[in-house]
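Quick look at input_1.cif (mmCIF, C-alpha atoms and all ligand atoms):
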data_my_file
loop_
_atom_site.label_atom_id
_atom_site.label_comp_id
_atom_site.auth_asym_id
_atom_site.auth_seq_id
_atom_site.Cartn_x
_atom_site.Cartn_y
_atom_site.Cartn_z
CA MET A 25 -73.38 93.94 10.82
CA ILE A 26 -74.32 90.52 12.19
CA TYR A 27 -73.62 88.14 9.34
CA LEU A 28 -76.00 85.16 9.35
CA ASP A 29 -75.55 84.22 5.69
CA ASN A 30 -72.75 81.67 5.96
CA ALA A 31 -74.38 79.22 3.55
CA ALA A 32 -73.86 81.89 0.87
CA THR A 33 -70.24 82.37 1.76
CA THR A 34 -67.92 82.44 4.77
CA GLN A 35 -65.21 84.70 6.08
CA VAL A 36 -61.67 83.58 5.21
CA LEU A 37 -59.73 82.13 8.15
CA PRO A 38 -57.26 84.69 9.54
CA SER A 39 -54.56 82.00 9.50
CA ILE A 40 -55.07 81.63 5.72
CA LEU A 41 -54.99 85.39 5.17
CA GLU A 42 -51.69 85.53 7.03
CA THR A 43 -50.08 82.96 4.73
CA LEU A 44 -51.29 84.48 1.47
CA LYS A 45 -48.89 87.41 1.18
CA ASP A 46 -45.88 85.15 1.67
CA ILE A 47 -47.21 82.50 -0.68
CA TYR A 48 -47.92 85.03 -3.41
CA THR A 49 -44.41 86.38 -2.97
CA GLU A 50 -42.63 83.05 -2.78
CA TYR A 51 -44.62 80.88 -5.14
CA TYR A 52 -45.35 83.33 -7.96
CA ALA A 53 -44.02 81.15 -10.77
CA ASN A 54 -46.25 79.22 -13.14
CA PRO A 55 -46.57 75.70 -11.66
CA ASN A 56 -46.31 74.26 -15.16
CA SER A 57 -42.92 75.78 -15.91
CA ILE A 58 -40.05 73.35 -15.76
CA HIS A 59 -37.55 75.64 -14.04
CA ARG A 60 -36.99 75.41 -10.30
CA GLU A 61 -39.33 78.27 -9.43
CA GLY A 62 -42.11 76.61 -11.40
CA GLN A 63 -41.44 73.26 -9.76
CA LYS A 64 -41.53 74.90 -6.34
CA ALA A 65 -45.03 76.22 -7.09
CA LYS A 66 -46.04 72.82 -8.47
CA ASN A 67 -44.78 71.11 -5.32
CA LEU A 68 -46.99 73.32 -3.19
CA ILE A 69 -49.99 72.25 -5.26
CA GLU A 70 -49.10 68.56 -5.06
CA LYS A 71 -48.38 68.77 -1.34
CA SER A 72 -51.80 70.37 -0.83
CA ARG A 73 -53.48 67.72 -2.98
CA PHE A 74 -51.71 64.92 -1.11
CA SER A 75 -52.60 66.37 2.29
CA ILE A 76 -56.29 66.77 1.37
CA ALA A 77 -56.26 63.19 0.05
CA GLN A 78 -54.82 61.96 3.35
CA ILE A 79 -57.60 63.68 5.28
CA LEU A 80 -60.26 62.29 2.93
CA LYS A 81 -58.56 58.86 2.87
CA CYS A 82 -58.45 58.80 -0.91
CA LYS A 83 -55.74 58.89 -3.57
CA ALA A 84 -54.22 62.24 -4.53
CA ASP A 85 -55.03 61.46 -8.16
CA GLU A 86 -58.72 61.34 -7.27
CA ILE A 87 -58.75 65.08 -6.53
CA ILE A 88 -59.27 67.62 -9.33
CA PHE A 89 -58.93 71.29 -8.48
CA THR A 90 -61.42 73.61 -10.19
CA SER A 91 -62.36 77.27 -9.89
CA CYS A 92 -65.60 76.70 -7.94
CA ALA A 93 -68.27 74.13 -7.22
CA THR A 94 -70.39 75.33 -10.13
CA GLU A 95 -67.51 74.25 -12.35
CA SER A 96 -67.08 70.96 -10.45
CA ASN A 97 -70.78 70.20 -10.90
CA ASN A 98 -70.65 71.02 -14.61
CA LEU A 99 -67.49 68.95 -15.04
CA ALA A 100 -69.04 65.96 -13.28
CA ILE A 101 -72.24 66.03 -15.30
CA PHE A 102 -70.95 66.88 -18.78
CA GLY A 103 -67.71 64.94 -18.25
CA LEU A 104 -69.61 61.77 -17.40
CA ALA A 105 -72.10 62.22 -20.22
CA GLU A 106 -69.20 62.47 -22.70
CA SER A 107 -67.49 59.42 -21.23
CA TYR A 108 -70.45 57.02 -21.26
CA PRO A 109 -72.31 57.79 -24.53
CA GLU A 110 -74.09 54.43 -24.38
CA LYS A 111 -76.11 55.60 -21.35
CA ASN A 112 -78.63 58.42 -21.62
CA HIS A 113 -80.61 58.38 -18.40
CA ILE A 114 -79.92 60.50 -15.32
CA ILE A 115 -81.75 60.61 -12.00
CA THR A 116 -81.72 63.67 -9.82
CA THR A 117 -83.96 65.52 -7.36
CA PRO A 118 -86.05 68.69 -7.64
CA ILE A 119 -84.09 70.18 -4.72
CA GLU A 120 -80.65 70.49 -6.32
CA HIS A 121 -78.66 73.69 -6.63
CA LYS A 122 -78.99 75.48 -9.97
CA SER A 123 -75.44 74.50 -10.89
CA ILE A 124 -76.77 70.93 -11.13
CA LEU A 125 -80.21 71.66 -12.54
CA ALA A 126 -78.99 73.91 -15.38
CA PRO A 127 -76.47 71.41 -16.85
CA LEU A 128 -79.07 68.65 -16.55
CA LYS A 129 -81.64 70.82 -18.33
CA HIS A 130 -79.10 71.30 -21.08
CA LEU A 131 -78.51 67.55 -21.37
CA SER A 132 -82.23 66.97 -21.44
CA SER A 133 -82.52 69.40 -24.39
CA LYS A 134 -79.91 67.20 -26.15
CA GLY A 135 -82.00 64.06 -25.76
CA TYR A 136 -81.04 62.76 -22.32
CA LYS A 137 -83.88 61.50 -20.15
CA VAL A 138 -83.72 63.18 -16.76
CA ASP A 139 -85.98 61.81 -14.02
CA PHE A 140 -86.66 63.53 -10.72
CA VAL A 141 -86.94 61.34 -7.67
CA LYS A 142 -89.69 62.33 -5.23
CA VAL A 143 -88.90 63.99 -1.93
CA ASP A 144 -91.24 64.03 1.08
CA ASN A 145 -92.41 67.16 2.88
CA ASN A 146 -89.19 67.24 4.89
CA GLY A 147 -87.17 67.13 1.69
CA ILE A 148 -85.98 63.54 2.12
CA VAL A 149 -85.47 61.46 -1.01
CA ASP A 150 -87.88 58.54 -1.49
CA LEU A 151 -85.55 55.54 -1.74
CA ASP A 152 -88.19 53.19 -3.15
CA HIS A 153 -88.97 55.67 -5.90
CA LEU A 154 -85.26 56.05 -6.61
CA LYS A 155 -84.90 52.26 -6.84
CA SER A 156 -87.82 52.05 -9.26
CA LEU A 157 -86.30 54.71 -11.56
CA ILE A 158 -82.92 53.04 -12.07
CA ASN A 159 -82.67 51.08 -15.32
CA SER A 160 -80.02 49.66 -17.65
CA LYS A 161 -79.59 53.06 -19.37
CA THR A 162 -79.00 54.94 -16.12
CA LEU A 163 -75.66 56.68 -16.21
CA LEU A 164 -75.84 58.70 -13.07
CA VAL A 165 -77.68 59.35 -9.83
CA CYS A 166 -77.06 62.94 -8.82
CA ILE A 167 -78.32 63.88 -5.35
CA ILE A 168 -77.37 66.80 -3.15
CA HIS A 169 -76.00 65.82 0.28
CA GLY A 170 -76.86 68.78 2.53
CA ASN A 171 -79.41 71.18 1.12
CA ASN A 172 -78.23 74.77 0.82
CA GLU A 173 -81.63 76.28 1.62
CA THR A 174 -82.84 74.09 4.47
CA GLY A 175 -79.77 72.16 5.63
CA VAL A 176 -81.66 68.84 5.27
CA LEU A 177 -79.26 65.91 4.89
CA GLN A 178 -79.85 62.91 2.69
CA ASP A 179 -78.79 59.45 3.81
CA ILE A 180 -76.11 59.46 1.15
CA ASN A 181 -74.58 56.15 2.29
CA GLN A 182 -77.90 54.37 1.92
CA ILE A 183 -78.38 55.95 -1.52
CA GLY A 184 -74.81 54.94 -2.36
CA LYS A 185 -75.42 51.30 -1.35
CA LEU A 186 -78.41 51.20 -3.66
CA CYS A 187 -76.41 52.72 -6.53
CA LYS A 188 -73.63 50.19 -5.95
CA GLU A 189 -76.10 47.30 -6.06
CA LYS A 190 -77.51 48.66 -9.33
CA GLU A 191 -74.04 49.55 -10.69
CA VAL A 192 -74.76 53.20 -11.36
CA ILE A 193 -72.52 56.15 -10.56
CA LEU A 194 -73.45 58.31 -7.57
CA PHE A 195 -72.40 61.94 -7.63
CA THR A 196 -73.28 64.21 -4.72
CA ASP A 197 -73.07 67.97 -4.41
CA ALA A 198 -71.35 68.13 -1.02
CA VAL A 199 -70.78 71.88 -1.07
CA GLN A 200 -72.69 72.59 2.13
CA SER A 201 -71.94 69.35 3.98
CA PHE A 202 -68.21 69.08 3.24
CA CYS A 203 -66.16 69.10 6.48
CA LYS A 204 -69.37 69.04 8.52
CA GLU A 205 -70.60 65.54 7.67
CA ASP A 206 -68.63 62.41 6.83
CA ILE A 207 -68.83 61.04 3.32
CA ASN A 208 -68.13 57.34 3.01
CA LEU A 209 -66.07 56.88 -0.14
CA ASP A 210 -67.10 53.22 -0.29
CA PHE A 211 -70.49 54.42 -1.48
CA VAL A 212 -69.96 57.77 -3.18
CA ASP A 213 -68.20 57.90 -6.56
CA MET A 214 -67.89 61.65 -6.94
CA PHE A 215 -68.53 64.76 -4.92
CA SER A 216 -68.09 68.51 -5.38
CA VAL A 217 -66.64 71.05 -2.97
CA SER A 218 -66.39 74.83 -2.81
CA GLY A 219 -63.62 76.57 -0.87
CA HIS A 220 -65.56 79.66 0.07
CA LYS A 221 -68.13 77.69 2.06
CA ILE A 222 -65.43 76.43 4.44
CA ASN A 223 -63.54 79.64 5.16
CA ALA A 224 -61.15 79.49 2.21
CA PRO A 225 -61.14 82.26 -0.44
CA LYS A 226 -63.54 82.33 -3.38
CA PHE A 227 -62.72 80.87 -6.79
CA ILE A 228 -61.31 77.57 -5.64
CA GLY A 229 -63.27 74.33 -5.87
CA MET A 230 -62.64 70.64 -6.03
CA LEU A 231 -64.10 67.52 -7.54
CA TYR A 232 -63.46 64.13 -5.99
CA LYS A 233 -63.66 61.37 -8.59
CA LYS A 234 -63.08 57.72 -7.88
CA GLU A 235 -60.17 56.35 -9.87
CA ASP A 236 -62.23 53.88 -11.92
CA VAL A 237 -64.88 56.41 -13.00
CA LYS A 238 -64.24 57.72 -16.50
CA LEU A 239 -64.39 61.47 -17.02
CA LYS A 240 -63.75 63.78 -19.96
CA PRO A 241 -62.76 67.43 -19.52
CA ILE A 242 -65.05 70.35 -20.30
CA ILE A 243 -62.21 72.88 -20.29
CA MET A 244 -59.44 71.93 -22.68
CA GLY A 245 -56.03 73.44 -23.23
CA GLY A 246 -52.69 72.86 -21.54
CA GLY A 247 -53.76 69.59 -19.94
CA GLN A 248 -53.39 70.60 -16.28
CA GLU A 249 -55.05 68.54 -13.53
CA ARG A 250 -54.21 65.32 -15.38
CA GLY A 251 -55.95 66.62 -18.46
CA LEU A 252 -59.25 67.09 -16.64
CA ARG A 253 -59.10 70.83 -16.06
CA SER A 254 -56.82 72.90 -18.20
CA GLY A 255 -55.74 76.35 -17.09
CA THR A 256 -52.90 77.56 -14.88
CA GLN A 257 -53.61 76.51 -11.30
CA SER A 258 -53.28 78.88 -8.37
CA PRO A 259 -50.86 77.45 -5.78
CA GLN A 260 -52.16 80.13 -3.40
CA LEU A 261 -55.82 79.19 -3.67
CA ILE A 262 -55.14 75.46 -3.69
CA ASN A 263 -52.97 75.75 -0.59
CA SER A 264 -55.68 77.87 1.04
CA LEU A 265 -58.24 75.16 0.34
CA TYR A 266 -55.97 72.62 1.98
CA LEU A 267 -55.48 74.87 5.03
CA ALA A 268 -59.25 75.29 5.38
CA VAL A 269 -59.86 71.52 5.09
CA GLU A 270 -57.14 70.85 7.64
CA TYR A 271 -58.55 73.47 10.02
CA TRP A 272 -62.05 71.99 9.86
CA HIS A 273 -60.67 68.46 10.17
CA ASN A 274 -58.58 69.25 13.27
CA ASN A 275 -61.34 71.23 14.99
CA LYS A 276 -64.39 69.43 13.68
CA GLU A 277 -66.04 68.53 16.97
CA THR A 278 -65.62 71.99 18.49
CA LEU A 279 -66.81 73.76 15.35
CA ILE A 280 -69.86 71.56 14.88
CA THR A 281 -70.81 71.85 18.55
CA HIS A 282 -70.48 75.64 18.34
CA LEU A 283 -72.67 75.83 15.23
CA LYS A 284 -75.29 73.54 16.80
CA VAL A 285 -75.40 75.65 19.97
CA LEU A 286 -75.96 78.81 17.90
CA ARG A 287 -78.68 77.29 15.79
CA GLU A 288 -80.50 75.61 18.65
CA HIS A 289 -80.44 78.79 20.69
CA PHE A 290 -81.70 80.80 17.72
CA GLU A 291 -84.56 78.42 16.96
CA LYS A 292 -85.58 78.16 20.62
CA ARG A 293 -85.69 81.94 21.13
CA LEU A 294 -87.50 82.56 17.87
CA LYS A 295 -90.18 79.96 18.67
CA GLU A 296 -90.67 81.37 22.16
CA LYS A 297 -91.20 84.87 20.86
CA LEU A 298 -93.01 84.12 17.60
CA PRO A 299 -95.09 80.95 17.99
CA GLU A 300 -96.64 81.52 14.54
CA ILE A 301 -93.40 80.86 12.63
CA LYS A 302 -92.54 77.50 11.10
CA ILE A 303 -89.06 76.00 11.04
CA LEU A 304 -88.65 73.83 7.98
CA SER A 305 -87.78 70.15 8.50
CA GLU A 306 -87.09 70.88 12.14
CA ASN A 307 -87.13 67.26 13.24
CA VAL A 308 -85.03 65.58 10.57
CA LYS A 309 -81.27 65.30 10.29
CA ARG A 310 -79.95 68.67 9.18
CA LEU A 311 -76.62 70.43 8.81
CA PRO A 312 -75.67 72.17 12.07
CA ASN A 313 -75.57 75.68 10.64
CA ILE A 314 -78.68 76.22 8.50
CA THR A 315 -82.25 76.96 9.48
CA ASN A 316 -85.08 78.04 7.22
CA VAL A 317 -88.08 79.79 8.71
CA ILE A 318 -91.48 80.67 7.28
CA PHE A 319 -92.76 84.01 8.59
CA PRO A 320 -96.51 84.17 7.94
CA LYS A 321 -97.91 87.28 6.29
CA VAL A 322 -94.56 88.96 5.61
CA ASP A 323 -92.86 88.69 2.26
CA SER A 324 -89.29 87.40 2.76
CA GLN A 325 -87.63 89.93 0.43
CA THR A 326 -89.16 92.75 2.49
CA LEU A 327 -88.00 91.11 5.72
CA VAL A 328 -84.47 90.53 4.38
CA MET A 329 -84.20 94.18 3.30
CA ALA A 330 -85.59 95.48 6.58
CA LEU A 331 -83.15 93.27 8.52
CA ASP A 332 -80.32 94.61 6.41
CA THR A 333 -81.10 98.14 7.55
CA GLU A 334 -81.14 96.78 11.11
CA GLY A 335 -77.66 95.32 10.61
CA VAL A 336 -78.52 91.63 10.17
CA ALA A 337 -77.46 89.93 6.91
CA VAL A 338 -79.60 86.96 5.87
CA SER A 339 -81.01 85.46 2.65
CA SER A 340 -84.35 84.55 1.23
CA GLY A 341 -84.22 81.41 -0.86
CA SER A 342 -80.84 80.63 -2.30
CA ALA A 343 -78.38 83.55 -2.31
CA CYS A 344 -77.49 82.80 -5.91
CA SER A 345 -81.04 83.60 -6.95
CA SER A 346 -81.84 86.43 -4.57
CA GLY A 347 -83.08 89.48 -6.36
CA THR A 348 -85.58 87.30 -8.22
CA PRO A 349 -88.88 87.30 -6.39
CA THR A 350 -89.75 83.79 -7.55
CA PRO A 351 -90.51 81.20 -4.87
CA SER A 352 -87.72 78.80 -4.05
CA HIS A 353 -87.86 75.59 -6.12
CA VAL A 354 -86.59 73.73 -3.05
CA ILE A 355 -89.31 74.84 -0.66
CA THR A 356 -92.08 74.30 -3.19
CA ALA A 357 -90.69 70.80 -3.91
CA TYR A 358 -91.18 70.04 -0.19
CA GLY A 359 -94.89 70.63 -0.82
CA TYR A 360 -95.19 74.18 0.53
CA SER A 361 -97.36 76.61 -1.41
CA GLU A 362 -95.74 79.37 -3.48
CA LYS A 363 -97.05 81.88 -0.95
CA GLU A 364 -95.41 80.03 1.94
CA ALA A 365 -92.18 79.75 -0.02
CA LEU A 366 -92.21 83.51 -0.60
CA HIS A 367 -92.29 83.96 3.17
CA SER A 368 -89.26 81.82 3.96
CA VAL A 369 -85.93 83.19 5.15
CA ARG A 370 -82.67 81.28 5.53
CA PHE A 371 -80.42 81.93 8.51
CA SER A 372 -77.01 80.30 8.33
CA PHE A 373 -74.47 80.45 11.11
CA GLY A 374 -70.70 80.49 10.80
CA ILE A 375 -67.78 79.60 12.98
CA PHE A 376 -67.11 83.27 13.79
CA ASN A 377 -70.64 84.02 14.98
CA THR A 378 -71.08 84.30 18.74
CA LEU A 379 -74.00 83.54 21.03
CA ASP A 380 -74.25 87.24 21.84
CA GLU A 381 -74.63 88.06 18.17
CA VAL A 382 -77.35 85.46 17.83
CA GLU A 383 -79.15 86.90 20.85
CA VAL A 384 -79.02 90.45 19.42
CA ALA A 385 -80.01 89.26 15.93
CA THR A 386 -83.00 87.31 17.31
CA GLU A 387 -84.26 90.39 19.10
CA LYS A 388 -83.95 92.43 15.90
CA ILE A 389 -85.64 89.76 13.81
CA VAL A 390 -88.55 89.50 16.23
CA ASN A 391 -89.06 93.28 16.39
CA THR A 392 -88.66 93.81 12.64
CA TYR A 393 -91.09 91.02 11.85
CA LYS A 394 -93.66 92.32 14.34
CA ASP A 395 -93.40 95.83 12.85
CA LEU A 396 -93.83 94.56 9.31
CA ARG A 397 -96.64 92.20 10.24
CA SER A 398 -98.65 95.07 11.71
CA PHE A 399 -98.73 96.63 8.20
CA PHE A 400 -100.19 93.57 6.48
C1 LIG A 501 -75.28 73.29 -2.75
C2 LIG A 501 -74.46 74.21 -3.60
N1 LIG A 501 -73.92 73.74 -4.73
C3 LIG A 501 -73.16 74.50 -5.52
C4 LIG A 501 -72.91 75.82 -5.21
C5 LIG A 501 -72.04 76.63 -6.11
O1 LIG A 501 -70.81 76.90 -5.49
P1 LIG A 501 -69.77 77.95 -6.09
O2 LIG A 501 -70.16 79.28 -5.52
O3 LIG A 501 -68.43 77.51 -5.58
O4 LIG A 501 -69.86 77.89 -7.55
C6 LIG A 501 -73.48 76.37 -4.05
C7 LIG A 501 -73.29 77.79 -3.72
O5 LIG A 501 -74.15 78.44 -3.15
C8 LIG A 501 -74.25 75.53 -3.20
O6 LIG A 501 -74.79 75.98 -2.07
#

Please go through the file and, once you have read it, give me the structure as structure tokens.
Amino acid sequence: MIYLDNAATTQVLPSILETLKDIYTEYYANPNSIHREGQKAKNLIEKSRFSIAQILKCKADEIIFTSCATESNNLAIFGLAESYPEKNHIITTPIEHKSILAPLKHLSSKGYKVDFVKVDNNGIVDLDHLKSLINSKTLLVCIIHGNNETGVLQDINQIGKLCKEKEVILFTDAVQSFCKEDINLDFVDMFSVSGHKINAPKFIGMLYKKEDVKLKPIIMGGGQERGLRSGTQSPQLINSLYLAVEYWHNNKETLITHLKVLREHFEKRLKEKLPEIKILSENVKRLPNITNVIFPKVDSQTLVMALDTEGVAVSSGSACSSGTPTPSHVITAYGYSEKEALHSVRFSFGIFNTLDEVEVATEKIVNTYKDLRSFF
């Protein structure tokens, strides 16, 4: 199987897998127990937190470990809403992940005013529109950094400067961009991270929160994570997240170059062989590993299933919503018709993919598409 669905999830680094057995054996105690074994497990967590903070150039206390980015996003949104009851206005975009849109929909049903800032047909946020929406009741600007369906990057520093000027909190879902793009903490107040998108195991996430931003917990209990996320932490998963962050940090240039080479080669070959396809937002700043392609006349679900039988794993729309044949809310927000959106397929490359794999996959994609197209 050639796995080109790395925006959905990534393979765990072999170096992390190697450490896990020992860490599960050695650090099995509850990190909240006061005996030595417990403290040993706690130290591993705090060492991991401190090391991630050093890489991010922030304070260790500004890092909250969660179970996943969906939880981080929920914590950021509901935790802020609880902390600043005097403000009831939130600005977001129509191109967010569902783990942002669903909590905001819930807040809106409770009386919050949620405004959606316009994006252009490349999916870039309209800064003037954003500026015009901010008012004295605005609690939060919540804008995704790198889009999970198209890879399009927002100028998050520019957005952050504007939010700073207007004294509103900026929270960005950095799940896809984390470790691939720099985030300037002078301008961003909070961001969410998911371990499994950067070659760590699943069920570990993180929320960065600037020290002076108030936040209330959504999960209450034993008061772990400085009261912001109760529940026994996993020293194993937290340490794995740190190892993944460190790996990406130390090898960033090589990894990014590799991903860019794969994607550029893929797009070039596909365009040569299928001039009728359209690559979304091809000429704007995108993440190095994601490309989204519209294949005229062929329904994307059919193409994804046919490619699966050919041994190529890809996604149509967001992986979290695959199975539902509804057009992607992201692609339609860019101004594409529902029909076009139903013909779009996401290819996302990972650090373990090779150029040979991309070459073979391209050939299979071209042939499968041509076969299917001849039916319609
Ligand atoms: C942009 C974005 N935000 C949030 C999430 C949710 O992450 P998790 O699977 O860790 O809950 C995803 C996962 O696909 C994502 O791509």

Around ligand LIG 501 (chain A), at most 7 Å away and counting only C-alpha atoms and all ligand atoms, which residues are there? Put them as a ChimeraX atom specification, please. /A:31-32,92-95,121,123,168,171-172,197-200,218-220,227,229,343-344

Output C-alpha atoms of each residue in that selection to a file, as a compact mmCIF listing (two decimals), in the frame of the given file.
# COMPACT_ATOMS: atom_id res chain seq x y z
CA ALA A 31 -74.38 79.22 3.55
CA ALA A 32 -73.86 81.89 0.87
CA CYS A 92 -65.60 76.70 -7.94
CA ALA A 93 -68.27 74.13 -7.22
CA THR A 94 -70.39 75.33 -10.13
CA GLU A 95 -67.51 74.25 -12.35
CA HIS A 121 -78.66 73.69 -6.63
CA SER A 123 -75.44 74.50 -10.89
CA ILE A 168 -77.37 66.80 -3.15
CA ASN A 171 -79.41 71.18 1.12
CA ASN A 172 -78.23 74.77 0.82
CA ASP A 197 -73.07 67.97 -4.41
CA ALA A 198 -71.35 68.13 -1.02
CA VAL A 199 -70.78 71.88 -1.07
CA GLN A 200 -72.69 72.59 2.13
CA SER A 218 -66.39 74.83 -2.81
CA GLY A 219 -63.62 76.57 -0.87
CA HIS A 220 -65.56 79.66 0.07
CA PHE A 227 -62.72 80.87 -6.79
CA GLY A 229 -63.27 74.33 -5.87
CA ALA A 343 -78.38 83.55 -2.31
CA CYS A 344 -77.49 82.80 -5.91

Separation of CA of Glu120 (chain A) from CA of Gly341 (chain A) in Å: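 Atom-to-atom, CA of Gly341 (chain A) to CA of Glu120 (chain A), that is 12.7 Å.
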
So what do you get for CA of Ala224 (chain A) versus CA of Pro38 (chain A), distance-wise?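 Those two atoms sit 9.8 Å apart.
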
Which polymer residues, whether protein, DNA or RNA, lie within 12 Å of the coordinate (-64.6, 73.8, -11.1) when you count all atoms listed in the file? List them as a PyMOL selection string, using the chain letters and numbers from the file. chain A and resi 87-101+103+123+199+215-219+226-232+241-243+249+252-255+257

May I have the selected residues written with C-alpha atoms, as a compact mmCIF listing (two decimals), keeping the file's coordinate frame?
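Contents of part.txt, freshly written:
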# COMPACT_ATOMS: atom_id res chain seq x y z
CA ILE A 87 -58.75 65.08 -6.53
CA ILE A 88 -59.27 67.62 -9.33
CA PHE A 89 -58.93 71.29 -8.48
CA THR A 90 -61.42 73.61 -10.19
CA SER A 91 -62.36 77.27 -9.89
CA CYS A 92 -65.60 76.70 -7.94
CA ALA A 93 -68.27 74.13 -7.22
CA THR A 94 -70.39 75.33 -10.13
CA GLU A 95 -67.51 74.25 -12.35
CA SER A 96 -67.08 70.96 -10.45
CA ASN A 97 -70.78 70.20 -10.90
CA ASN A 98 -70.65 71.02 -14.61
CA LEU A 99 -67.49 68.95 -15.04
CA ALA A 100 -69.04 65.96 -13.28
CA ILE A 101 -72.24 66.03 -15.30
CA GLY A 103 -67.71 64.94 -18.25
CA SER A 123 -75.44 74.50 -10.89
CA VAL A 199 -70.78 71.88 -1.07
CA PHE A 215 -68.53 64.76 -4.92
CA SER A 216 -68.09 68.51 -5.38
CA VAL A 217 -66.64 71.05 -2.97
CA SER A 218 -66.39 74.83 -2.81
CA GLY A 219 -63.62 76.57 -0.87
CA LYS A 226 -63.54 82.33 -3.38
CA PHE A 227 -62.72 80.87 -6.79
CA ILE A 228 -61.31 77.57 -5.64
CA GLY A 229 -63.27 74.33 -5.87
CA MET A 230 -62.64 70.64 -6.03
CA LEU A 231 -64.10 67.52 -7.54
CA TYR A 232 -63.46 64.13 -5.99
CA PRO A 241 -62.76 67.43 -19.52
CA ILE A 242 -65.05 70.35 -20.30
CA ILE A 243 -62.21 72.88 -20.29
CA GLU A 249 -55.05 68.54 -13.53
CA LEU A 252 -59.25 67.09 -16.64
CA ARG A 253 -59.10 70.83 -16.06
CA SER A 254 -56.82 72.90 -18.20
CA GLY A 255 -55.74 76.35 -17.09
CA GLN A 257 -53.61 76.51 -11.30

So that I can see what lies close to Thr281 (chain A), please list as a list in words the residues with an atom at most 12 Å from it, counting only C-alpha atoms and leaving out residues fewer than 4 positions away in the same chain.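 Once the adjacent positions are removed, what remains is Lys204, Asn275, Lys276, Glu277, Val285, Leu286, Arg287, Glu288, Leu311, Pro312, Asn313, Phe373, Gly374 and Ile375 of chain A.
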
Quick one: write out the picked residues with C-alpha atoms as a PDB file, in the coordinates of the input?
ATOM      1  CA  LYS A 204     -69.370  69.040   8.520  1.00  0.00           C
ATOM      2  CA  ASN A 275     -61.340  71.230  14.990  1.00  0.00           C
ATOM      3  CA  LYS A 276     -64.390  69.430  13.680  1.00  0.00           C
ATOM      4  CA  GLU A 277     -66.040  68.530  16.970  1.00  0.00           C
ATOM      5  CA  VAL A 285     -75.400  75.650  19.970  1.00  0.00           C
ATOM      6  CA  LEU A 286     -75.960  78.810  17.900  1.00  0.00           C
ATOM      7  CA  ARG A 287     -78.680  77.290  15.790  1.00  0.00           C
ATOM      8  CA  GLU A 288     -80.500  75.610  18.650  1.00  0.00           C
ATOM      9  CA  LEU A 311     -76.620  70.430   8.810  1.00  0.00           C
ATOM     10  CA  PRO A 312     -75.670  72.170  12.070  1.00  0.00           C
ATOM     11  CA  ASN A 313     -75.570  75.680  10.640  1.00  0.00           C
ATOM     12  CA  PHE A 373     -74.470  80.450  11.110  1.00  0.00           C
ATOM     13  CA  GLY A 374     -70.700  80.490  10.800  1.00  0.00           C
ATOM     14  CA  ILE A 375     -67.780  79.600  12.980  1.00  0.00           C
TER      15      ILE A 375
END

Can you tell me, as a list in words, what residues are no more than 10 Å from Leu209 (chain A) when counting all atoms listed in the file, ignoring any on the same chain fewer than 4 positions away?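 Once the adjacent positions are removed, what remains is Leu80, Lys81, Cys82, Asn181, Gly184, Asp213, Met214, Phe215, Tyr232, Lys233 and Lys234 of chain A.
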
To one decimal in Å, tell me the separation between CA of Ile158 (chain A) and CA of Lys185 (chain A). 13.2 Å

Considering all atoms listed in the file, state which residue in the set A:Ile79, A:Val336, A:Val322, A:Leu44 is at the smallest distance from Asp206 (chain A). A:Ile79

Quick one: contact table of region 120-162 of chain A to region 352-372 of chain A, 7 Å max, nearest atom pair and distance in Å to one decimal per residue, counting only C-alpha atoms, chain and number order, as a tab-separated table?
residue	atom	partner	partner_atom	distance
A:Val143	CA	A:Tyr358	CA	6.7
A:Asp144	CA	A:Tyr358	CA	6.1
A:Asn145	CA	A:Tyr358	CA	4.4
A:Asn146	CA	A:Tyr358	CA	6.1
A:Gly147	CA	A:Tyr358	CA	5.3

Kindly extract all protein, DNA and RNA residues lying within 10 Å of the coordinates (-81.4, 47.3, -13.1) given in the file, considering only C-alpha atoms, and supply them as a list in words. Lys155, Ser156, Leu157, Ile158, Asn159, Ser160, Lys161, Thr162, Cys187, Glu189, Lys190, Glu191 and Val192 of chain A

Minimum-distance residue to Lys142 (chain A), chosen among A:Glu42, A:Pro225, A:Ser75, A:Ile119 (using only C-alpha atoms):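 Of A:Glu42, A:Pro225, A:Ser75, A:Ile119, the one nearest Lys142 (chain A), counting only C-alpha atoms, is A:Ile119.
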
With distances taken over all atoms listed in the file, which of A:Leu379, A:Leu298, A:Ile193, A:Val308 is nearest to Leu239 (chain A)?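 Smallest separation from Leu239 (chain A) among the options: A:Ile193.
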
Please determine, counting all atoms listed in the file, which residue among A:Asn274, A:Thr392, A:Thr116, A:Asn67 has the shortest atom-to-atom distance to Glu334 (chain A). A:Thr392

Find, counting only C-alpha atoms, the residue in A:Ile167, A:Val382, A:Leu68, A:Ala53 that gets nearest to His282 (chain A).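 Counting only C-alpha atoms, the residue closest to His282 (chain A) is A:Val382.
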
So which one's closest to Ile69 (chain A), A:Val317, A:Met244, A:Val328, A:Leu261? Using only C-alpha atoms, please.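 Among the listed residues, the smallest separation from Ile69 (chain A) belongs to A:Leu261.
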
At a cut-off of 10 Å, using all atoms listed in the file, what residues contact Ser39 (chain A)? Leave out same-chain residues fewer than 4 positions from it and give the result as a list in words. Thr43, Leu44, Ser264, Leu267, Ala268 and Tyr271 of chain A
